[in-house]
>>> print(open('coords02.cif').read())   # mmCIF, C-alpha atoms (C1' of nucleotides)
data_final
#
loop_
_atom_site.label_atom_id
_atom_site.label_comp_id
_atom_site.auth_asym_id
_atom_site.auth_seq_id
_atom_site.Cartn_x
_atom_site.Cartn_y
_atom_site.Cartn_z
CA MET Z 291 -3.27 -29.96 -19.57
CA PRO Z 292 -5.65 -31.57 -17.10
CA THR Z 293 -6.78 -29.24 -14.37
CA ASP Z 294 -7.05 -32.59 -12.66
CA ALA Z 295 -8.29 -31.28 -9.34
CA ARG Z 296 -10.69 -33.82 -7.97
CA PRO Z 297 -14.11 -32.36 -7.18
CA LEU Z 298 -14.29 -30.28 -4.05
CA ARG Z 299 -16.32 -31.37 -1.10
CA ARG Z 300 -19.66 -29.61 -1.00
CA ASP Z 301 -18.78 -27.22 1.82
CA ALA Z 302 -15.52 -26.34 0.15
CA GLN Z 303 -17.29 -25.63 -3.10
CA ARG Z 304 -19.73 -23.33 -1.39
CA ASN Z 305 -16.95 -21.44 0.35
CA ARG Z 306 -15.10 -21.13 -2.90
CA GLU Z 307 -18.09 -19.46 -4.44
CA LEU Z 308 -18.55 -17.13 -1.50
CA LEU Z 309 -14.91 -16.17 -1.77
CA VAL Z 310 -15.07 -15.47 -5.46
CA ALA Z 311 -18.17 -13.33 -5.01
CA ALA Z 312 -16.55 -11.41 -2.18
CA ALA Z 313 -13.37 -10.98 -4.17
CA ARG Z 314 -15.29 -9.54 -7.08
CA GLU Z 315 -16.90 -6.97 -4.85
CA VAL Z 316 -13.78 -6.00 -2.96
CA PHE Z 317 -11.43 -5.97 -5.93
CA GLY Z 318 -14.02 -4.01 -7.84
CA ALA Z 319 -14.28 -1.38 -5.17
CA LYS Z 320 -10.70 -1.13 -3.95
CA GLY Z 321 -8.50 -2.52 -6.65
CA LEU Z 322 -6.41 -5.66 -6.94
CA ASP Z 323 -4.22 -4.86 -3.96
CA ALA Z 324 -7.11 -4.87 -1.52
CA PRO Z 325 -6.42 -6.79 1.70
CA LEU Z 326 -7.24 -10.46 1.38
CA GLU Z 327 -8.40 -10.50 4.96
CA GLU Z 328 -11.23 -8.20 4.01
CA ILE Z 329 -12.32 -10.59 1.30
CA ALA Z 330 -12.30 -13.51 3.71
CA ARG Z 331 -14.29 -11.51 6.24
CA ARG Z 332 -16.88 -10.52 3.67
CA ALA Z 333 -17.18 -14.11 2.56
CA GLY Z 334 -17.76 -15.13 6.17
CA VAL Z 335 -14.78 -17.43 6.14
CA ALA Z 336 -11.45 -17.57 7.95
CA ILE Z 337 -8.34 -16.27 6.26
CA GLY Z 338 -6.84 -19.74 6.26
CA THR Z 339 -9.71 -21.01 4.17
CA LEU Z 340 -9.01 -18.40 1.56
CA TYR Z 341 -5.41 -19.55 1.40
CA ASN Z 342 -6.47 -23.19 1.20
CA ARG Z 343 -8.51 -22.49 -1.89
CA PHE Z 344 -6.36 -19.78 -3.48
CA PRO Z 345 -2.71 -20.17 -2.58
CA THR Z 346 -1.75 -16.87 -4.21
CA ARG Z 347 -3.44 -13.57 -4.84
CA ALA Z 348 -3.12 -14.17 -8.55
CA THR Z 349 -5.22 -17.34 -8.48
CA LEU Z 350 -7.98 -15.46 -6.69
CA ILE Z 351 -7.84 -12.59 -9.14
CA GLU Z 352 -8.06 -15.03 -11.97
CA ALA Z 353 -11.08 -16.79 -10.50
CA ALA Z 354 -12.76 -13.48 -9.77
CA PHE Z 355 -12.37 -12.04 -13.25
CA ALA Z 356 -12.60 -15.07 -15.50
CA GLY Z 357 -16.32 -14.59 -15.97
CA LEU Z 358 -16.07 -10.90 -16.69
CA ILE Z 359 -13.35 -11.43 -19.23
CA ASP Z 360 -15.39 -13.99 -21.08
CA GLU Z 361 -18.25 -11.55 -21.09
CA TRP Z 362 -15.93 -8.96 -22.51
CA ALA Z 363 -14.73 -11.26 -25.25
CA ALA Z 364 -18.36 -11.93 -26.13
CA ILE Z 365 -18.96 -8.22 -26.52
CA GLY Z 366 -16.04 -8.14 -28.89
CA GLU Z 367 -17.39 -11.00 -31.00
CA GLN Z 368 -20.73 -9.32 -31.15
CA ALA Z 369 -19.15 -6.05 -32.23
CA LEU Z 370 -17.43 -7.89 -35.06
CA ARG Z 371 -20.80 -8.95 -36.40
CA ALA Z 372 -22.26 -5.44 -36.44
CA ASP Z 373 -23.51 -4.30 -39.84
CA ASP Z 374 -21.54 -1.09 -39.71
CA PRO Z 375 -17.87 -1.66 -38.90
CA TRP Z 376 -17.56 1.79 -37.43
CA GLN Z 377 -20.54 1.27 -35.19
CA GLY Z 378 -19.09 -2.03 -34.06
CA LEU Z 379 -15.88 -0.38 -33.02
CA ALA Z 380 -17.65 2.44 -31.24
CA ASP Z 381 -19.98 0.11 -29.38
CA PHE Z 382 -17.17 -2.11 -28.30
CA ALA Z 383 -15.21 0.81 -26.94
CA MET Z 384 -18.20 2.26 -25.13
CA ARG Z 385 -19.25 -0.98 -23.56
CA THR Z 386 -15.75 -1.82 -22.49
CA CYS Z 387 -15.38 1.53 -20.81
CA GLU Z 388 -18.70 1.08 -19.17
CA MET Z 389 -17.63 -2.22 -17.66
CA GLN Z 390 -14.37 -0.79 -16.46
CA SER Z 391 -15.85 2.41 -15.11
CA VAL Z 392 -17.74 0.50 -12.46
CA ASP Z 393 -15.02 -1.99 -11.61
CA ARG Z 394 -11.64 -0.80 -10.52
CA GLY Z 395 -10.30 -4.33 -10.38
CA LEU Z 396 -11.25 -5.01 -13.97
CA THR Z 397 -9.53 -1.82 -15.02
CA GLU Z 398 -6.36 -2.91 -13.35
CA VAL Z 399 -6.55 -6.35 -14.89
CA CYS Z 400 -6.93 -4.84 -18.34
CA VAL Z 401 -4.39 -2.09 -17.95
CA GLY Z 402 -2.05 -4.79 -16.77
CA THR Z 403 -0.47 -3.00 -13.88
CA LEU Z 404 0.12 -6.42 -12.39
CA PRO Z 405 1.99 -9.31 -14.03
CA GLY Z 406 -1.08 -11.46 -14.62
CA THR Z 407 -1.64 -15.18 -14.50
CA PRO Z 408 -1.35 -17.36 -17.60
CA ALA Z 409 -5.13 -17.49 -18.03
CA ILE Z 410 -5.42 -13.73 -17.82
CA GLU Z 411 -2.57 -13.21 -20.21
CA ALA Z 412 -4.27 -15.61 -22.61
CA ALA Z 413 -7.51 -13.67 -22.30
CA LYS Z 414 -5.64 -10.50 -23.07
CA VAL Z 415 -4.17 -12.00 -26.20
CA ARG Z 416 -7.63 -13.08 -27.27
CA ALA Z 417 -8.96 -9.60 -26.60
CA TRP Z 418 -6.09 -8.05 -28.49
CA GLN Z 419 -6.94 -10.20 -31.47
CA VAL Z 420 -10.54 -9.09 -31.34
CA THR Z 421 -9.61 -5.43 -31.19
CA SER Z 422 -7.20 -5.90 -34.06
CA ARG Z 423 -9.91 -7.43 -36.19
CA LEU Z 424 -12.33 -4.65 -35.28
CA VAL Z 425 -9.77 -2.09 -36.31
CA GLU Z 426 -8.89 -3.87 -39.53
CA ARG Z 427 -12.52 -4.08 -40.44
CA VAL Z 428 -12.90 -0.33 -40.08
CA ARG Z 429 -9.71 0.31 -41.93
CA GLU Z 430 -10.95 -1.72 -44.88
CA SER Z 431 -14.07 0.40 -44.94
CA GLY Z 432 -11.77 3.35 -45.62
CA ARG Z 433 -13.04 5.46 -42.78
CA LEU Z 434 -10.00 5.14 -40.53
CA ARG Z 435 -7.16 7.65 -40.55
CA ALA Z 436 -4.05 6.24 -42.13
CA ASP Z 437 -1.68 6.68 -39.21
CA PHE Z 438 -3.85 4.74 -36.79
CA GLN Z 439 -2.08 1.84 -35.10
CA PRO Z 440 -4.00 -1.30 -34.09
CA GLY Z 441 -2.69 -1.05 -30.54
CA ASP Z 442 -4.16 2.40 -30.20
CA LEU Z 443 -7.65 1.12 -29.52
CA PRO Z 444 -6.86 -0.59 -26.22
CA LEU Z 445 -4.83 2.45 -25.22
CA ALA Z 446 -7.74 4.72 -26.02
CA ILE Z 447 -10.04 2.61 -23.92
CA ALA Z 448 -7.62 2.71 -21.02
CA ALA Z 449 -7.35 6.47 -21.41
CA ALA Z 450 -11.09 7.00 -21.42
CA THR Z 451 -11.34 4.85 -18.34
CA ARG Z 452 -9.10 7.24 -16.49
CA VAL Z 453 -11.58 9.99 -17.25
CA ALA Z 454 -14.22 7.84 -15.63
CA GLU Z 455 -12.02 7.46 -12.57
CA ILE Z 456 -11.38 11.16 -12.21
CA SER Z 457 -14.62 12.79 -13.13
CA PRO Z 458 -17.70 12.20 -11.01
CA ASP Z 459 -19.79 13.21 -14.02
CA ASP Z 460 -20.82 10.05 -15.75
CA ASP Z 461 -21.10 11.77 -19.14
CA ALA Z 462 -17.50 12.96 -19.10
CA TRP Z 463 -15.98 9.71 -20.22
CA ARG Z 464 -18.62 9.18 -22.89
CA ARG Z 465 -17.93 12.62 -24.26
CA HIS Z 466 -14.21 11.94 -24.12
CA LEU Z 467 -14.52 8.68 -25.96
CA GLY Z 468 -16.61 10.50 -28.52
CA TYR Z 469 -13.83 13.00 -29.13
CA LEU Z 470 -11.39 10.17 -29.55
CA LEU Z 471 -13.54 8.25 -32.00
CA ASP Z 472 -14.01 11.40 -34.04
CA GLY Z 473 -10.26 11.82 -33.99
CA PHE Z 474 -9.87 8.32 -35.40
CA ARG Z 475 -11.82 9.12 -38.55
CA ALA Z 476 -10.12 9.64 -41.85
CA ARG Z 477 -9.92 13.36 -42.50
CA MET X 787 -1.25 35.23 6.33
CA PRO X 788 2.32 35.36 7.60
CA THR X 789 4.23 32.17 7.06
CA ASP X 790 5.97 33.51 10.13
CA ALA X 791 8.46 30.68 10.50
CA ARG X 792 11.69 32.21 11.70
CA PRO X 793 14.64 31.41 9.47
CA LEU X 794 16.03 27.94 9.82
CA ARG X 795 19.46 27.32 11.14
CA ARG X 796 21.95 26.73 8.37
CA ASP X 797 22.24 22.95 8.88
CA ALA X 798 18.49 22.62 9.03
CA GLN X 799 18.11 24.59 5.84
CA ARG X 800 20.59 22.35 4.08
CA ASN X 801 18.81 19.22 5.24
CA ARG X 802 15.51 20.64 4.13
CA GLU X 803 16.88 21.10 0.65
CA LEU X 804 18.33 17.61 0.56
CA LEU X 805 14.98 16.24 1.63
CA VAL X 806 13.06 18.15 -1.00
CA ALA X 807 15.44 16.98 -3.70
CA ALA X 808 15.20 13.38 -2.54
CA ALA X 809 11.43 13.63 -2.34
CA ARG X 810 11.23 14.89 -5.89
CA GLU X 811 13.22 11.92 -7.13
CA VAL X 812 11.42 9.30 -5.11
CA PHE X 813 7.91 10.66 -5.62
CA GLY X 814 8.69 11.04 -9.29
CA ALA X 815 9.76 7.45 -9.63
CA LYS X 816 7.37 5.67 -7.26
CA GLY X 817 4.41 7.94 -6.77
CA LEU X 818 3.15 9.95 -3.84
CA ASP X 819 2.73 6.95 -1.57
CA ALA X 820 6.39 6.04 -1.66
CA PRO X 821 7.89 5.22 1.76
CA LEU X 822 9.10 8.30 3.58
CA GLU X 823 11.95 6.29 5.04
CA GLU X 824 13.36 5.87 1.57
CA ILE X 825 13.32 9.61 1.04
CA ALA X 826 15.11 10.19 4.32
CA ARG X 827 17.68 7.56 3.44
CA ARG X 828 18.32 9.05 0.03
CA ALA X 829 18.71 12.47 1.59
CA GLY X 830 21.26 11.04 4.01
CA VAL X 831 19.22 12.06 7.01
CA ALA X 832 17.40 10.27 9.81
CA ILE X 833 13.68 9.70 9.58
CA GLY X 834 13.13 11.93 12.61
CA THR X 835 14.66 14.85 10.77
CA LEU X 836 12.21 14.41 7.96
CA TYR X 837 9.35 14.55 10.42
CA ASN X 838 10.84 17.61 12.12
CA ARG X 839 10.81 19.50 8.90
CA PHE X 840 7.68 18.05 7.34
CA PRO X 841 5.19 16.93 9.95
CA THR X 842 2.91 15.35 7.37
CA ARG X 843 3.34 13.72 3.99
CA ALA X 844 1.25 16.47 2.46
CA THR X 845 3.67 19.21 3.50
CA LEU X 846 6.53 17.32 1.89
CA ILE X 847 4.57 16.75 -1.29
CA GLU X 848 3.77 20.40 -1.42
CA ALA X 849 7.39 21.43 -1.00
CA ALA X 850 8.52 18.91 -3.58
CA PHE X 851 6.09 20.00 -6.28
CA ALA X 852 5.71 23.72 -5.71
CA GLY X 853 8.45 24.50 -8.21
CA LEU X 854 7.12 22.19 -10.86
CA ILE X 855 3.65 23.58 -10.56
CA ASP X 856 4.90 27.12 -11.00
CA GLU X 857 6.75 25.96 -14.06
CA TRP X 858 3.57 24.45 -15.34
CA ALA X 859 1.60 27.63 -14.77
CA ALA X 860 4.29 29.49 -16.72
CA ILE X 861 3.81 27.14 -19.64
CA GLY X 862 0.14 27.95 -19.52
CA GLU X 863 0.75 31.71 -19.56
CA GLN X 864 3.09 31.29 -22.46
CA ALA X 865 0.53 29.24 -24.36
CA LEU X 866 -1.99 32.02 -23.87
CA ARG X 867 0.33 34.40 -25.69
CA ALA X 868 0.76 32.16 -28.73
CA ASP X 869 -0.24 33.77 -32.01
CA ASP X 870 -2.47 30.90 -32.99
CA PRO X 871 -4.97 30.00 -30.25
CA TRP X 872 -5.18 26.43 -31.49
CA GLN X 873 -1.43 26.04 -31.47
CA GLY X 874 -1.35 27.46 -27.95
CA LEU X 875 -3.78 24.86 -26.73
CA ALA X 876 -2.00 22.01 -28.47
CA ASP X 877 1.41 23.06 -27.17
CA PHE X 878 0.13 23.38 -23.66
CA ALA X 879 -1.41 19.92 -23.75
CA MET X 880 1.72 18.36 -25.24
CA ARG X 881 4.10 19.99 -22.82
CA THR X 882 1.94 19.15 -19.84
CA CYS X 883 1.81 15.52 -20.86
CA GLU X 884 5.50 15.54 -21.40
CA MET X 885 6.12 16.76 -17.86
CA GLN X 886 3.75 14.22 -16.41
CA SER X 887 5.02 11.34 -18.48
CA VAL X 888 8.38 11.47 -16.74
CA ASP X 889 7.08 12.15 -13.23
CA ARG X 890 4.63 9.82 -11.67
CA GLY X 891 4.32 12.04 -8.62
CA LEU X 892 3.36 15.06 -10.68
CA THR X 893 0.73 13.01 -12.45
CA GLU X 894 -0.79 12.01 -9.17
CA VAL X 895 -0.73 15.57 -7.90
CA CYS X 896 -2.53 16.76 -11.02
CA VAL X 897 -5.00 13.93 -11.25
CA GLY X 898 -5.77 14.63 -7.64
CA THR X 899 -5.93 11.10 -6.38
CA LEU X 900 -4.96 12.52 -3.01
CA PRO X 901 -6.80 15.26 -1.13
CA GLY X 902 -4.11 17.89 -1.63
CA THR X 903 -2.82 20.69 0.56
CA PRO X 904 -4.24 24.20 0.37
CA ALA X 905 -1.32 25.42 -1.71
CA ILE X 906 -1.71 22.60 -4.19
CA GLU X 907 -5.44 23.13 -4.39
CA ALA X 908 -4.77 26.80 -5.05
CA ALA X 909 -2.33 25.91 -7.81
CA LYS X 910 -4.93 23.66 -9.35
CA VAL X 911 -7.45 26.45 -9.35
CA ARG X 912 -4.92 28.69 -11.05
CA ALA X 913 -4.22 26.00 -13.62
CA TRP X 914 -7.89 25.45 -14.19
CA GLN X 915 -8.29 29.15 -14.90
CA VAL X 916 -5.47 29.03 -17.41
CA THR X 917 -6.92 26.05 -19.22
CA SER X 918 -10.33 27.71 -19.26
CA ARG X 919 -8.87 30.76 -20.88
CA LEU X 920 -7.00 28.66 -23.41
CA VAL X 921 -10.20 26.89 -24.30
CA GLU X 922 -12.24 30.08 -24.52
CA ARG X 923 -9.67 31.60 -26.79
CA VAL X 924 -9.96 28.69 -29.17
CA ARG X 925 -13.71 28.70 -28.96
CA GLU X 926 -13.79 32.35 -29.97
CA SER X 927 -11.71 31.50 -33.00
CA GLY X 928 -14.58 29.26 -34.06
CA ARG X 929 -12.49 26.16 -34.47
CA LEU X 930 -13.75 24.30 -31.41
CA ARG X 931 -16.64 21.86 -31.55
CA ALA X 932 -19.72 23.23 -29.89
CA ASP X 933 -20.24 20.53 -27.28
CA PHE X 934 -16.76 20.86 -25.82
CA GLN X 935 -16.72 21.56 -22.09
CA PRO X 936 -13.93 23.63 -20.51
CA GLY X 937 -13.20 20.90 -17.99
CA ASP X 938 -12.55 18.45 -20.79
CA LEU X 939 -9.04 19.71 -21.43
CA PRO X 940 -7.60 18.68 -18.05
CA LEU X 941 -9.40 15.38 -18.38
CA ALA X 942 -7.91 14.84 -21.82
CA ILE X 943 -4.45 15.56 -20.48
CA ALA X 944 -4.94 13.10 -17.67
CA ALA X 945 -6.19 10.52 -20.14
CA ALA X 946 -3.23 10.95 -22.47
CA THR X 947 -0.93 10.61 -19.49
CA ARG X 948 -2.32 7.19 -18.80
CA VAL X 949 -1.27 6.17 -22.28
CA ALA X 950 2.22 7.31 -21.39
CA GLU X 951 2.10 5.14 -18.28
CA ILE X 952 0.96 2.04 -20.11
CA SER X 953 2.79 2.13 -23.38
CA PRO X 954 6.56 1.89 -23.43
CA ASP X 955 6.49 3.50 -26.86
CA ASP X 956 7.11 7.18 -26.35
CA ASP X 957 5.19 8.13 -29.49
CA ALA X 958 2.00 6.46 -28.35
CA TRP X 959 0.85 9.24 -26.08
CA ARG X 960 1.75 11.90 -28.63
CA ARG X 961 -0.29 10.09 -31.25
CA HIS X 962 -3.12 9.69 -28.79
CA LEU X 963 -3.14 13.35 -27.89
CA GLY X 964 -3.14 14.09 -31.59
CA TYR X 965 -6.30 12.05 -32.09
CA LEU X 966 -7.92 13.87 -29.22
CA LEU X 967 -7.02 17.31 -30.49
CA ASP X 968 -8.39 16.40 -33.89
CA GLY X 969 -11.53 15.25 -32.17
CA PHE X 970 -11.84 18.66 -30.51
CA ARG X 971 -12.06 20.51 -33.81
CA ALA X 972 -15.33 21.85 -35.10
CA ARG X 973 -16.63 19.48 -37.73
"C1'" DC P 336 -23.36 -44.84 13.13
"C1'" DG P 337 -18.37 -44.38 12.95
"C1'" DC P 338 -14.25 -43.42 10.80
"C1'" DG P 339 -10.73 -41.33 7.88
"C1'" DA P 340 -9.94 -37.83 4.67
"C1'" DA P 341 -10.93 -33.18 3.57
"C1'" DA P 342 -11.63 -28.75 5.02
"C1'" DA P 343 -11.96 -24.81 8.31
"C1'" DT P 344 -10.06 -22.19 11.88
"C1'" DG P 345 -7.53 -18.27 13.88
"C1'" DA P 346 -3.60 -17.32 16.78
"C1'" DG P 347 0.71 -15.88 15.82
"C1'" DG P 348 5.38 -15.03 13.63
"C1'" DG P 349 7.29 -11.83 10.21
"C1'" DG P 350 7.95 -7.69 7.60
"C1'" DA P 351 7.09 -3.02 6.07
"C1'" DA P 352 5.95 1.51 7.03
"C1'" DC P 353 4.23 4.89 10.19
"C1'" DC P 354 5.28 8.21 13.77
"C1'" DT P 355 7.24 9.68 18.52
"C1'" DC P 356 10.37 11.16 21.87
"C1'" DA P 357 14.27 11.16 25.16
"C1'" DA P 358 18.95 11.65 24.64
"C1'" DG P 359 22.77 13.42 22.17
"C1'" DT P 360 24.84 16.88 18.87
"C1'" DT P 361 25.54 21.22 16.44
"C1'" DC P 362 25.00 25.93 15.66
"C1'" DG P 363 25.58 30.71 16.43
"C1'" DC P 364 25.75 34.38 19.46
"C1'" DT P 365 28.17 36.95 23.06
"C1'" DA K 414 35.26 29.50 25.12
"C1'" DG K 415 30.86 28.55 26.74
"C1'" DC K 416 26.01 28.30 26.79
"C1'" DG K 417 21.22 27.76 25.44
"C1'" DA K 418 18.30 26.99 21.77
"C1'" DA K 419 17.76 24.58 17.66
"C1'" DC K 420 18.38 20.53 15.48
"C1'" DT K 421 19.38 15.47 14.69
"C1'" DT K 422 19.11 10.84 15.80
"C1'" DG K 423 17.33 6.09 15.69
"C1'" DA K 424 15.37 2.63 18.65
"C1'" DG K 425 11.03 1.16 19.42
"C1'" DG K 426 5.85 1.20 19.93
"C1'" DT K 427 1.93 0.75 16.65
"C1'" DT K 428 -0.70 -0.68 12.85
"C1'" DC K 429 -1.64 -3.25 8.93
"C1'" DC K 430 -1.18 -6.92 6.13
"C1'" DC K 431 1.14 -11.08 4.82
"C1'" DC K 432 1.15 -16.18 5.20
"C1'" DT K 433 1.59 -20.72 8.00
"C1'" DC K 434 0.25 -24.64 10.55
"C1'" DA K 435 -1.32 -27.33 14.61
"C1'" DT K 436 -5.73 -28.11 16.06
"C1'" DT K 437 -10.60 -28.74 15.57
"C1'" DT K 438 -14.65 -29.46 12.77
"C1'" DT K 439 -17.27 -31.27 8.94
"C1'" DC K 440 -18.30 -34.23 5.25
"C1'" DG K 441 -19.59 -38.39 3.02
"C1'" DC K 442 -19.00 -43.13 2.39
"C1'" DG K 443 -19.44 -47.95 3.88
#
>>> encode(input="coords02.cif", output="structure tokens")
Amino acid sequence: MPTDARPLRRDAQRNRELLVAAAREVFGAKGLDAPLEEIARRAGVAIGTLYNRFPTRATLIEAAFAGLIDEWAAIGEQALRADDPWQGLADFAMRTCEMQSVDRGLTEVCVGTLPGTPAIEAAKVRAWQVTSRLVERVRESGRLRADFQPGDLPLAIAAATRVAEISPDDDAWRRHLGYLLDGFRAR
Amino acid sequence: MPTDARPLRRDAQRNRELLVAAAREVFGAKGLDAPLEEIARRAGVAIGTLYNRFPTRATLIEAAFAGLIDEWAAIGEQALRADDPWQGLADFAMRTCEMQSVDRGLTEVCVGTLPGTPAIEAAKVRAWQVTSRLVERVRESGRLRADFQPGDLPLAIAAATRVAEISPDDDAWRRHLGYLLDGFRAR
DNA sequence: CGCGAAAATGAGGGGAACCTCAAGTTCGCT
DNA sequence: AGCGAACTTGAGGTTCCCCTCATTTTCGCG
């Protein structure tokens, strides 16, 4: 499937980048339903330009978060290579929460409140595969409680992220995730 | 502090009740930022009537959730009288989540996304006191991990509620809360 | 240069929700 | 019944955000 867009003119390319940067900031601070006009304003560009480049909100969201999601996937791969499977899982969960706790937009992308573009759905599938492998690896080590479901890890991360949203104390969500991870252990 | 409102005329009283009932339904389904016009419509009343009775959104929210919050406090009192302190805590957490999992408005009231009226703030303080006592009771029994903070219980409930929001599977949040409670135990 | 294609612009139409208020209706008391 | 106070009504002004498109500006190539 050729994304056969011919190369953008130089000014258009620059504006595209300004828009993506602005979108990252605004979505991060206010969530994915932030006004697009604010993003255009912050990029120093007219609203029509935003619509020229990104015909729908979803395309802009996708462009804004593609990089972050790749980064996230990389964290997952790295966690899979950790010596200690348990440590890999714990690190992955912590770092994911950390990313989400400072970026409301990313949280919403991951929680999937919105439908999601194809690319984002694909990224989620990839991420789900990584978490599954992380979980399986721990299970094989025999340290995971028997009734644990693979899908519980993403849910736990989403749950811990809510703690980060509610509590101003930055340690609260770390503590919470710690409780959860302890709860995951085989008795 | 006399709530010295003179008694409403009978028709006004009836409309007030219709509005509160409609508000409970709509807030429960769509959250606290649901359109007020929808509530008026569902109550079979003009929008102006809603504003006559409830000059601000906050007053309507308060009226809609006062009953539920009392019910919640009662659950807390009951949990305090449980024979087994641990069981009391677990039941309280489960039942609270259960209430919130079917009522998006209640969740938002409890999570405190919005500022909150005096009465709701007061109810939260009351609830916080109940949870503190529940936690202290368990701590005295020696079964609680040492680094647990009293404020962690409400946070945990809020976190488990997010699982209920995300996962269609009704067991997911129960399982999740189970992990958490296990994580709370002294090692 | 100079020209055509590409891109930027921002006023403006449209919709959703907020809230107000002047006019009309209903209640309840005598 | 009749009257005044209490209550209801809903059209409409306001704000905020959506998205479009005719016009103007910029780019980059020959």
>>> resolve_selection(input="coords02.cif", expression="the PyMOL selection byres ((chain P and resi 339-349) around 12)", output="NGL selection string")
(:Z and (296-306 or 327 or 334-343)) or (:P and (337-338 or 350-351)) or (:K and (430-443))
>>> closest_atom_pairs(input="coords02.cif", of="chain K", to="chain X", cutoff="12 Å", atoms="all atoms listed in the file", output="Markdown table")
| residue | atom | partner | partner_atom | distance |
| --- | --- | --- | --- | --- |
| K:DA418 | C1' | X:Arg795 | CA | 10.7 |
| K:DA419 | C1' | X:Arg795 | CA | 7.3 |
| K:DC420 | C1' | X:Ala798 | CA | 6.8 |
| K:DT421 | C1' | X:Thr835 | CA | 6.2 |
| K:DT422 | C1' | X:Ala832 | CA | 6.3 |
| K:DG423 | C1' | X:Ala832 | CA | 7.2 |
| K:DA424 | C1' | X:Gly834 | CA | 11.3 |
>>> interface_residues(input="coords02.cif", of="chain Z", to="chain X", cutoff="8 Å", atoms="only C-alpha atoms", output="ChimeraX atom specification")
/Z:401,442,445-446,448-453,456-457,462,466,468-474
>>> resolve_selection(input="coords02.cif", expression="the PyMOL selection byres ((chain P) within 9 of (chain X))", output="ChimeraX atom specification")
/P:352-355,361-363
>>> resolve_selection(input="coords02.cif", expression="the PyMOL selection byres ((chain X and resi 928) around 12)", output="number ranges by chain")
X: 871-872, 921-927, 929-932, 934, 970-973
>>> atom_distance(input="coords02.cif", atom1="atom CA of Z:Phe317", atom2="atom CA of Z:Thr421")
25.3 Å
>>> atom_distance(input="coords02.cif", atom1="atom CA of Z:Ala356", atom2="atom CA of Z:Arg314")
10.4 Å
>>> atom_distance(input="coords02.cif", atom1="atom CA of Z:Thr397", atom2="atom CA of Z:Gly321")
8.5 Å
>>> residues_near_point(input="coords02.cif", point="(2.1, 28.2, -22.8)", cutoff="10 Å", atoms="all atoms listed in the file", output="list of chain:residue names")
X:Trp858, X:Ala859, X:Ala860, X:Ile861, X:Gly862, X:Glu863, X:Gln864, X:Ala865, X:Leu866, X:Arg867, X:Ala868, X:Gln873, X:Gly874, X:Leu875, X:Ala876, X:Asp877, X:Phe878, X:Ala879, X:Arg881, X:Thr882, X:Val916, X:Thr917, X:Leu920
>>> axis_aligned_box(input="coords02.cif", around="stretch 446-453 of chain Z", padding_each_side="5 Å", output="JSON")
{"center_x": -9.5, "center_y": 6.3, "center_z": -21.3, "size_x": 14.2, "size_y": 17.4, "size_z": 19.5}
>>> closest_residue(input="coords02.cif", among="X:Val888, X:Asp870, X:Val812, X:Cys883", to="X:Ile847", atoms="all atoms listed in the file")
X:Val812
